[in-house]
>>> print(open('input_39.txt').read())   # compact mmCIF, N, CA and C atoms
# COMPACT_ATOMS: atom_id res chain seq x y z
N MET A 1 -107.21 -23.17 12.02
CA MET A 1 -107.14 -21.82 12.56
C MET A 1 -105.88 -21.68 13.41
N ARG A 2 -105.24 -20.57 13.27
CA ARG A 2 -104.01 -20.31 14.02
C ARG A 2 -104.35 -19.56 15.31
N THR A 3 -103.58 -19.83 16.33
CA THR A 3 -103.77 -19.14 17.61
C THR A 3 -102.43 -18.59 18.08
N ILE A 4 -102.52 -17.55 18.88
CA ILE A 4 -101.32 -16.96 19.47
C ILE A 4 -101.25 -17.41 20.92
N ARG A 5 -100.09 -17.89 21.32
CA ARG A 5 -99.90 -18.36 22.69
C ARG A 5 -98.69 -17.66 23.30
N LEU A 6 -98.85 -17.22 24.54
CA LEU A 6 -97.71 -16.65 25.27
C LEU A 6 -96.95 -17.78 25.95
N LYS A 7 -95.64 -17.68 25.94
CA LYS A 7 -94.80 -18.69 26.58
C LYS A 7 -94.40 -18.23 27.99
N LEU A 8 -95.32 -17.53 28.63
CA LEU A 8 -95.02 -16.90 29.92
C LEU A 8 -94.69 -17.94 31.00
N ASN A 9 -95.46 -19.01 31.09
CA ASN A 9 -95.19 -20.04 32.10
C ASN A 9 -93.80 -20.62 31.94
N GLU A 10 -93.44 -20.94 30.71
CA GLU A 10 -92.12 -21.53 30.46
C GLU A 10 -91.01 -20.57 30.85
N ILE A 11 -91.17 -19.31 30.49
CA ILE A 11 -90.13 -18.31 30.79
C ILE A 11 -90.01 -18.10 32.29
N MET A 12 -91.15 -17.98 32.99
CA MET A 12 -91.10 -17.80 34.44
C MET A 12 -90.45 -18.99 35.11
N ALA A 13 -90.75 -20.20 34.65
CA ALA A 13 -90.14 -21.40 35.23
C ALA A 13 -88.63 -21.41 35.00
N GLN A 14 -88.21 -21.07 33.79
CA GLN A 14 -86.78 -21.04 33.47
C GLN A 14 -86.03 -20.06 34.36
N ARG A 15 -86.69 -18.96 34.68
CA ARG A 15 -86.03 -17.90 35.44
C ARG A 15 -86.32 -17.97 36.93
N GLY A 16 -87.09 -18.96 37.34
CA GLY A 16 -87.40 -19.14 38.76
C GLY A 16 -88.26 -18.03 39.32
N LEU A 17 -89.16 -17.49 38.50
CA LEU A 17 -90.02 -16.39 38.94
C LEU A 17 -91.44 -16.86 39.17
N THR A 18 -92.07 -16.29 40.18
CA THR A 18 -93.49 -16.53 40.41
C THR A 18 -94.29 -15.44 39.71
N GLN A 19 -95.58 -15.64 39.61
CA GLN A 19 -96.44 -14.62 39.04
C GLN A 19 -96.38 -13.34 39.86
N THR A 20 -96.33 -13.49 41.17
CA THR A 20 -96.26 -12.32 42.05
C THR A 20 -94.96 -11.55 41.82
N GLN A 21 -93.86 -12.25 41.68
CA GLN A 21 -92.58 -11.59 41.44
C GLN A 21 -92.58 -10.87 40.09
N LEU A 22 -93.13 -11.51 39.07
CA LEU A 22 -93.20 -10.86 37.76
C LEU A 22 -94.11 -9.64 37.82
N SER A 23 -95.17 -9.74 38.57
CA SER A 23 -96.07 -8.61 38.75
C SER A 23 -95.34 -7.43 39.37
N GLU A 24 -94.55 -7.70 40.39
CA GLU A 24 -93.78 -6.63 41.06
C GLU A 24 -92.74 -6.03 40.13
N LEU A 25 -92.07 -6.87 39.35
CA LEU A 25 -91.02 -6.40 38.43
C LEU A 25 -91.59 -5.59 37.28
N SER A 26 -92.78 -5.98 36.81
CA SER A 26 -93.34 -5.38 35.60
C SER A 26 -94.35 -4.28 35.86
N GLY A 27 -94.97 -4.29 37.03
CA GLY A 27 -96.04 -3.34 37.30
C GLY A 27 -97.37 -3.77 36.68
N VAL A 28 -97.46 -5.02 36.24
CA VAL A 28 -98.69 -5.58 35.68
C VAL A 28 -99.39 -6.35 36.79
N ARG A 29 -100.71 -6.20 36.86
CA ARG A 29 -101.47 -6.89 37.92
C ARG A 29 -101.22 -8.39 37.88
N GLN A 30 -101.13 -8.99 39.05
CA GLN A 30 -100.89 -10.43 39.15
C GLN A 30 -102.02 -11.21 38.49
N ALA A 31 -103.26 -10.74 38.61
CA ALA A 31 -104.40 -11.42 38.00
C ALA A 31 -104.24 -11.45 36.47
N ALA A 32 -103.75 -10.37 35.90
CA ALA A 32 -103.54 -10.31 34.45
C ALA A 32 -102.43 -11.28 34.05
N ILE A 33 -101.36 -11.34 34.83
CA ILE A 33 -100.27 -12.27 34.53
C ILE A 33 -100.77 -13.70 34.63
N SER A 34 -101.60 -13.99 35.61
CA SER A 34 -102.19 -15.32 35.75
C SER A 34 -102.98 -15.70 34.50
N GLU A 35 -103.82 -14.79 34.03
CA GLU A 35 -104.61 -15.06 32.82
C GLU A 35 -103.72 -15.25 31.60
N MET A 36 -102.69 -14.43 31.48
CA MET A 36 -101.79 -14.54 30.34
C MET A 36 -100.98 -15.84 30.40
N SER A 37 -100.57 -16.23 31.60
CA SER A 37 -99.76 -17.45 31.71
C SER A 37 -100.60 -18.70 31.43
N ARG A 38 -101.92 -18.61 31.63
CA ARG A 38 -102.81 -19.72 31.30
C ARG A 38 -103.39 -19.59 29.89
N ASN A 39 -103.01 -18.54 29.20
CA ASN A 39 -103.46 -18.28 27.83
C ASN A 39 -104.98 -18.25 27.71
N ILE A 40 -105.61 -17.63 28.71
CA ILE A 40 -107.07 -17.47 28.64
C ILE A 40 -107.47 -16.02 28.39
N ARG A 41 -106.50 -15.15 28.39
CA ARG A 41 -106.78 -13.73 28.13
C ARG A 41 -106.88 -13.54 26.62
N GLU A 42 -107.98 -12.96 26.16
CA GLU A 42 -108.21 -12.81 24.73
C GLU A 42 -107.57 -11.57 24.14
N GLN A 43 -107.38 -10.53 24.94
CA GLN A 43 -106.76 -9.31 24.44
C GLN A 43 -105.66 -8.88 25.40
N ILE A 44 -104.54 -8.46 24.82
CA ILE A 44 -103.42 -7.98 25.62
C ILE A 44 -102.95 -6.67 25.03
N ASN A 45 -102.90 -5.67 25.85
CA ASN A 45 -102.43 -4.35 25.44
C ASN A 45 -100.93 -4.43 25.13
N LEU A 46 -100.51 -3.76 24.08
CA LEU A 46 -99.09 -3.76 23.71
C LEU A 46 -98.22 -3.19 24.83
N LYS A 47 -98.72 -2.18 25.53
CA LYS A 47 -97.96 -1.61 26.65
C LYS A 47 -97.72 -2.65 27.73
N THR A 48 -98.70 -3.52 27.94
CA THR A 48 -98.55 -4.59 28.92
C THR A 48 -97.47 -5.56 28.48
N LEU A 49 -97.46 -5.93 27.20
CA LEU A 49 -96.42 -6.81 26.68
C LEU A 49 -95.04 -6.19 26.82
N VAL A 50 -94.95 -4.90 26.58
CA VAL A 50 -93.67 -4.20 26.72
C VAL A 50 -93.20 -4.24 28.17
N LYS A 51 -94.09 -4.00 29.10
CA LYS A 51 -93.73 -4.05 30.53
C LYS A 51 -93.21 -5.43 30.92
N ILE A 52 -93.89 -6.47 30.44
CA ILE A 52 -93.45 -7.83 30.76
C ILE A 52 -92.12 -8.13 30.09
N ALA A 53 -91.98 -7.77 28.83
CA ALA A 53 -90.71 -7.99 28.12
C ALA A 53 -89.56 -7.25 28.80
N ASP A 54 -89.81 -6.02 29.23
CA ASP A 54 -88.77 -5.25 29.95
C ASP A 54 -88.38 -5.95 31.25
N ALA A 55 -89.38 -6.38 31.99
CA ALA A 55 -89.11 -7.04 33.28
C ALA A 55 -88.33 -8.33 33.09
N LEU A 56 -88.60 -9.04 32.00
CA LEU A 56 -87.92 -10.31 31.72
C LEU A 56 -86.66 -10.13 30.88
N GLU A 57 -86.35 -8.87 30.54
CA GLU A 57 -85.19 -8.54 29.71
C GLU A 57 -85.22 -9.29 28.38
N ILE A 58 -86.39 -9.26 27.74
CA ILE A 58 -86.58 -9.90 26.44
C ILE A 58 -86.53 -8.84 25.37
N ASP A 59 -85.66 -9.03 24.38
CA ASP A 59 -85.53 -8.10 23.27
C ASP A 59 -86.20 -8.62 22.00
N ASP A 60 -86.36 -9.92 21.91
CA ASP A 60 -86.96 -10.55 20.74
C ASP A 60 -88.32 -11.11 21.13
N ILE A 61 -89.39 -10.52 20.61
CA ILE A 61 -90.75 -10.88 21.01
C ILE A 61 -91.06 -12.34 20.74
N SER A 62 -90.33 -12.97 19.82
CA SER A 62 -90.57 -14.39 19.54
C SER A 62 -90.19 -15.27 20.73
N GLU A 63 -89.43 -14.73 21.68
CA GLU A 63 -89.14 -15.48 22.91
C GLU A 63 -90.38 -15.58 23.78
N LEU A 64 -91.32 -14.67 23.59
CA LEU A 64 -92.50 -14.58 24.45
C LEU A 64 -93.78 -15.08 23.79
N ILE A 65 -93.85 -14.98 22.47
CA ILE A 65 -95.08 -15.29 21.75
C ILE A 65 -94.82 -16.35 20.69
N ILE A 66 -95.77 -17.27 20.55
CA ILE A 66 -95.69 -18.28 19.50
C ILE A 66 -97.04 -18.35 18.79
N ILE A 67 -97.02 -18.56 17.49
CA ILE A 67 -98.24 -18.75 16.71
C ILE A 67 -98.33 -20.23 16.39
N GLU A 68 -99.47 -20.83 16.76
CA GLU A 68 -99.65 -22.27 16.57
C GLU A 68 -100.88 -22.54 15.70
N ASN A 69 -100.84 -23.66 15.00
CA ASN A 69 -102.02 -24.17 14.31
C ASN A 69 -102.85 -24.92 15.34
N SER A 70 -104.17 -24.85 15.22
CA SER A 70 -105.03 -25.56 16.16
C SER A 70 -104.93 -27.07 15.91
N GLU A 71 -105.33 -27.86 16.88
CA GLU A 71 -105.33 -29.31 16.77
C GLU A 71 -106.17 -29.76 15.57
N LYS A 72 -107.27 -29.10 15.36
CA LYS A 72 -108.19 -29.44 14.28
C LYS A 72 -107.49 -29.33 12.93
N ASP A 73 -106.64 -28.31 12.76
CA ASP A 73 -105.94 -28.11 11.49
C ASP A 73 -104.85 -29.14 11.27
N ARG A 74 -104.31 -29.69 12.36
CA ARG A 74 -103.21 -30.65 12.24
C ARG A 74 -103.67 -32.02 11.78
N LEU A 75 -104.94 -32.33 11.98
CA LEU A 75 -105.46 -33.67 11.65
C LEU A 75 -105.72 -33.83 10.19
>>> encode(input="input_39.txt", output="structure tokens")
Amino acid sequence: MRTIRLKLNEIMAQRGLTQTQLSELSGVRQAAISEMSRNIREQINLKTLVKIADALEIDDISELIIIENSEKDRL
């Protein structure tokens, strides 16, 4: 089974941003950013992704999202 994972933690680390700072830049609640950065949020509104991409100045969504095969499928 394939899963979608956000690379939010990696991007924030590369840019020296905290969840609180990204929340302020994007207008997305810090709790939502926390859930997204831990990849525990099951649904994400496209408008929310756009806000985060705008705040991070990302033009290519593949910088933010990756599709992975589950561990079970790799074995």
>>> residues_near_point(input="input_39.txt", point="(-95.6, -17.8, 16.7)", cutoff="6.5 Å", atoms="only N, CA and C atoms", output="list in words")
Ile4, Arg5, Ile65, Ile66, Ile67 and Glu68 of chain A
>>> residues_around(input="input_39.txt", residues="stretch 35-43 of chain A", least_positions_apart="3", cutoff="10 Å", atoms="only C-alpha atoms", output="PyMOL selection string")
chain A and resi 4-12+19+30-32+46
>>> atom_distance(input="input_39.txt", atom1="atom C of A:Arg15", atom2="atom N of A:Thr3")
26.9 Å
>>> atom_distance(input="input_39.txt", atom1="atom CA of A:Leu49", atom2="atom CA of A:Leu25")
12.9 Å
>>> atom_distance(input="input_39.txt", atom1="atom CA of A:Thr20", atom2="atom CA of A:Ile52")
12.5 Å
>>> closest_residue(input="input_39.txt", among="A:Asn69, A:Ala13, A:Arg2, A:Leu22", to="A:Lys51", atoms="only C-alpha atoms")
A:Leu22
>>> select_by_dssp(input="input_39.txt", residues="chain A", states="alpha helix (DSSP H)", output="MDAnalysis selection string")
chainID A and resid 8:15 19:26 30:37 46:55 71:74
>>> write_last_selection(input="input_39.txt", atoms="N, CA and C atoms", output="compact mmCIF listing (two decimals), in the coordinates of the input")
# COMPACT_ATOMS: atom_id res chain seq x y z
N LEU A 8 -95.32 -17.53 28.63
CA LEU A 8 -95.02 -16.90 29.92
C LEU A 8 -94.69 -17.94 31.00
N ASN A 9 -95.46 -19.01 31.09
CA ASN A 9 -95.19 -20.04 32.10
C ASN A 9 -93.80 -20.62 31.94
N GLU A 10 -93.44 -20.94 30.71
CA GLU A 10 -92.12 -21.53 30.46
C GLU A 10 -91.01 -20.57 30.85
N ILE A 11 -91.17 -19.31 30.49
CA ILE A 11 -90.13 -18.31 30.79
C ILE A 11 -90.01 -18.10 32.29
N MET A 12 -91.15 -17.98 32.99
CA MET A 12 -91.10 -17.80 34.44
C MET A 12 -90.45 -18.99 35.11
N ALA A 13 -90.75 -20.20 34.65
CA ALA A 13 -90.14 -21.40 35.23
C ALA A 13 -88.63 -21.41 35.00
N GLN A 14 -88.21 -21.07 33.79
CA GLN A 14 -86.78 -21.04 33.47
C GLN A 14 -86.03 -20.06 34.36
N ARG A 15 -86.69 -18.96 34.68
CA ARG A 15 -86.03 -17.90 35.44
C ARG A 15 -86.32 -17.97 36.93
N GLN A 19 -95.58 -15.64 39.61
CA GLN A 19 -96.44 -14.62 39.04
C GLN A 19 -96.38 -13.34 39.86
N THR A 20 -96.33 -13.49 41.17
CA THR A 20 -96.26 -12.32 42.05
C THR A 20 -94.96 -11.55 41.82
N GLN A 21 -93.86 -12.25 41.68
CA GLN A 21 -92.58 -11.59 41.44
C GLN A 21 -92.58 -10.87 40.09
N LEU A 22 -93.13 -11.51 39.07
CA LEU A 22 -93.20 -10.86 37.76
C LEU A 22 -94.11 -9.64 37.82
N SER A 23 -95.17 -9.74 38.57
CA SER A 23 -96.07 -8.61 38.75
C SER A 23 -95.34 -7.43 39.37
N GLU A 24 -94.55 -7.70 40.39
CA GLU A 24 -93.78 -6.63 41.06
C GLU A 24 -92.74 -6.03 40.13
N LEU A 25 -92.07 -6.87 39.35
CA LEU A 25 -91.02 -6.40 38.43
C LEU A 25 -91.59 -5.59 37.28
N SER A 26 -92.78 -5.98 36.81
CA SER A 26 -93.34 -5.38 35.60
C SER A 26 -94.35 -4.28 35.86
N GLN A 30 -101.13 -8.99 39.05
CA GLN A 30 -100.89 -10.43 39.15
C GLN A 30 -102.02 -11.21 38.49
N ALA A 31 -103.26 -10.74 38.61
CA ALA A 31 -104.40 -11.42 38.00
C ALA A 31 -104.24 -11.45 36.47
N ALA A 32 -103.75 -10.37 35.90
CA ALA A 32 -103.54 -10.31 34.45
C ALA A 32 -102.43 -11.28 34.05
N ILE A 33 -101.36 -11.34 34.83
CA ILE A 33 -100.27 -12.27 34.53
C ILE A 33 -100.77 -13.70 34.63
N SER A 34 -101.60 -13.99 35.61
CA SER A 34 -102.19 -15.32 35.75
C SER A 34 -102.98 -15.70 34.50
N GLU A 35 -103.82 -14.79 34.03
CA GLU A 35 -104.61 -15.06 32.82
C GLU A 35 -103.72 -15.25 31.60
N MET A 36 -102.69 -14.43 31.48
CA MET A 36 -101.79 -14.54 30.34
C MET A 36 -100.98 -15.84 30.40
N SER A 37 -100.57 -16.23 31.60
CA SER A 37 -99.76 -17.45 31.71
C SER A 37 -100.60 -18.70 31.43
N LEU A 46 -100.51 -3.76 24.08
CA LEU A 46 -99.09 -3.76 23.71
C LEU A 46 -98.22 -3.19 24.83
N LYS A 47 -98.72 -2.18 25.53
CA LYS A 47 -97.96 -1.61 26.65
C LYS A 47 -97.72 -2.65 27.73
N THR A 48 -98.70 -3.52 27.94
CA THR A 48 -98.55 -4.59 28.92
C THR A 48 -97.47 -5.56 28.48
N LEU A 49 -97.46 -5.93 27.20
CA LEU A 49 -96.42 -6.81 26.68
C LEU A 49 -95.04 -6.19 26.82
N VAL A 50 -94.95 -4.90 26.58
CA VAL A 50 -93.67 -4.20 26.72
C VAL A 50 -93.20 -4.24 28.17
N LYS A 51 -94.09 -4.00 29.10
CA LYS A 51 -93.73 -4.05 30.53
C LYS A 51 -93.21 -5.43 30.92
N ILE A 52 -93.89 -6.47 30.44
CA ILE A 52 -93.45 -7.83 30.76
C ILE A 52 -92.12 -8.13 30.09
N ALA A 53 -91.98 -7.77 28.83
CA ALA A 53 -90.71 -7.99 28.12
C ALA A 53 -89.56 -7.25 28.80
N ASP A 54 -89.81 -6.02 29.23
CA ASP A 54 -88.77 -5.25 29.95
C ASP A 54 -88.38 -5.95 31.25
N ALA A 55 -89.38 -6.38 31.99
CA ALA A 55 -89.11 -7.04 33.28
C ALA A 55 -88.33 -8.33 33.09
N GLU A 71 -105.33 -27.86 16.88
CA GLU A 71 -105.33 -29.31 16.77
C GLU A 71 -106.17 -29.76 15.57
N LYS A 72 -107.27 -29.10 15.36
CA LYS A 72 -108.19 -29.44 14.28
C LYS A 72 -107.49 -29.33 12.93
N ASP A 73 -106.64 -28.31 12.76
CA ASP A 73 -105.94 -28.11 11.49
C ASP A 73 -104.85 -29.14 11.27
N ARG A 74 -104.31 -29.69 12.36
CA ARG A 74 -103.21 -30.65 12.24
C ARG A 74 -103.67 -32.02 11.78
